[in-house]
Amino acid sequence: MRCRKCPQRAVLGMPRHNTAYCGPCLTEFVRTQVQKAIKAQTMFSPEDRILVAVSGGKDSLTLWEILLKLGYRTDALYVDLGIAGYSERSHEKVERFARDVAKACGSKLIIHTVEEDAGAGIKELANLIKRPTCSACGTIKRYQFNRVAWENKYDVMATGHNLDDEAARLLGNVLNWQEEYLQKQSPTLPASVEGFSKKVKPLYRMTEREVAAYAVVNRIDYLVEECPMSKGAKMLVYKDVLNRLEAESPGTKHRFYWGFLEKQKKAAESTPSMTDSDQATLLPCETCGQPTTAGTCTFCRMMARAKTATH
Amino acid sequence: MKVHLSHPNRDIELQGPKRVADIFKELQLIPEAFLIIRGQDLMTEDEIVKDEDSIEVRPVISGG
Ligand code: SF4
Ligand SMILES: [Zn+2]
Ligand SMILES: [Zn+2]
């Protein structure tokens with residue numbers, strides 16, 4: 001197979017675009033798509049300071065690399081979950097990328113450990129408060145990313161969610177008719193209230209496979225291994241189903257998610273904005289001050305439960 | 001050919017030469033969920049893997 005843009009050998013066929021690219025042309029294509037995403041969803045400008053949430057996996061390290069290559073002022077935050085083996089290995093990948101790639105661009109890595117909040121790793125904490133590990137983990141990561149971005153005055157927080165992530169989440173939300181979640185599924189969420197950072201997903205136009213191919217071509221040394229807790233996750237089933245549909249009919253995933261974004265844009269003209277509804281429902285947490293719908297936020301309640309459980 | 005698979009990590013032997021597309025079929029894998037890597041290079045589905053080659057079948061789907 002030949003590259004469609006130059007005479008080189010292709011390294012990736014992309015049926016959904018009916019095309020194939022060599023390494024350099026793939027790199028250019030991906031960076032252009034990310035730049036388009038940033039513009040189309042008014043994510044940030046070259047003056048803004050961006051905090052990328054990194055895990056050591058392909059999506060977040062690729063996002064960090066692309067934003068630096070595009071010249072954006074980007075730092076990264078890694079939350080160490082304290083999962084034996086996996087956390088050490090992912091931590092090491094992130095540190096290595098920070099040292100070998102990011103540092104030269106003046107970009108720094110911030111590290112937060114679950115242990116400093118909870119006195120234990122995420123598995124032990126979840127056990128203690130009798131919650132599924134992934135739900136406790138989700139709460140902690142959302143809370144800490146938002147807090148670190150807010151306290152360090154970053155203009156926006158970016159995550160490495162790709163098209164497969166967003167299409168799978170949309171499928172899950174639609175299958176269960178979780179309409180209240182649909183509004184929150186936009187690639188750009190505003191800093192709706194005091195204490196909430198703006199949140200963006202610049203990779204939403206790229207499939208998971210395209211992101212991985214970019215990482216391989218650009219020698220981004222990421223952790224292929226998955227978090228051991230992700231085994232059996234519902235998301236994996238949704239992704240598998242979507243990829244089977246994609247094989248039959250290339251472009252299914254992007255038609256599904258982009259179609260949703262179009263409809264959402266139209267609906268936004270007639271419904272109250274998220275900023276309005278957030279301002280009407282969110283108040284500062286009585287313990288930490290972060291916005292919450294309850295008196296005390298989920299994170300603070302979790303930490304309080306952990307404390308009583310150990311005494 | 002030697003084929004390295006992940007989740008869990010393991011190595012298997014397949015008879016070569018074989019097209020990448022046929023390797024996907026034989027292992028019953030969906031191409032959209034994997035990349036085939038020889039050395040440091042990605043291979044497209046029409047390329048031939050020789051019997052003496054070593055390749056990696058790398059999953060690209062994350063669950064978190
Ligand atoms: S799989 Fe679960 S525990 Fe692991 S990083 Fe994802 S949410 Fe956290
Ligand atoms: Zn090319
Ligand atoms: Zn709180």
# chains A, B, ... in the order shown; residues from 1 in each chain; ligands from 1
>>> residues_around(residues="Glu208 (chain A)", least_positions_apart="5", cutoff="8 Å", atoms="only C-alpha atoms", output="NGL selection string")
(:A and (59 or 162-165)) or (:B and (60-61))
>>> interface_residues(of="chain A", to="chain B", cutoff="7 Å", atoms="only C-alpha atoms", output="ChimeraX atom specification")
/A:1,11-13,208-209,212,226,230,233,235-236,243
>>> closest_atom_pairs(of="chain A", to="ligand 2", cutoff="10 Å", atoms="only C-alpha atoms and all ligand atoms", output="tab-separated table")
residue	atom	partner	partner_atom_place_in_ligand_line	distance
A:Arg2	CA	ligand 2	1 (Zn)	8.0
A:Cys3	CA	ligand 2	1 (Zn)	4.7
A:Arg4	CA	ligand 2	1 (Zn)	6.5
A:Lys5	CA	ligand 2	1 (Zn)	4.8
A:Cys6	CA	ligand 2	1 (Zn)	4.1
A:Pro7	CA	ligand 2	1 (Zn)	6.4
A:Gln8	CA	ligand 2	1 (Zn)	5.4
A:Arg9	CA	ligand 2	1 (Zn)	7.5
A:Ala10	CA	ligand 2	1 (Zn)	6.9
A:Val11	CA	ligand 2	1 (Zn)	9.2
A:Ala20	CA	ligand 2	1 (Zn)	8.4
A:Tyr21	CA	ligand 2	1 (Zn)	5.3
A:Cys22	CA	ligand 2	1 (Zn)	4.3
A:Gly23	CA	ligand 2	1 (Zn)	6.7
A:Pro24	CA	ligand 2	1 (Zn)	6.0
A:Cys25	CA	ligand 2	1 (Zn)	4.4
A:Leu26	CA	ligand 2	1 (Zn)	7.3
A:Thr27	CA	ligand 2	1 (Zn)	9.5
A:Glu28	CA	ligand 2	1 (Zn)	9.3
A:Phe29	CA	ligand 2	1 (Zn)	9.9
>>> closest_residue(among="B:Ser54, B:Val3, B:Val49, B:Arg38", to="Lys18 (chain B)", atoms="only C-alpha atoms")
B:Val49
>>> select_by_dssp(residues="region 215-251 of chain A", states="alpha helix (DSSP H)", output="VMD selection string")
chain A and resid 215 to 217 234 to 248
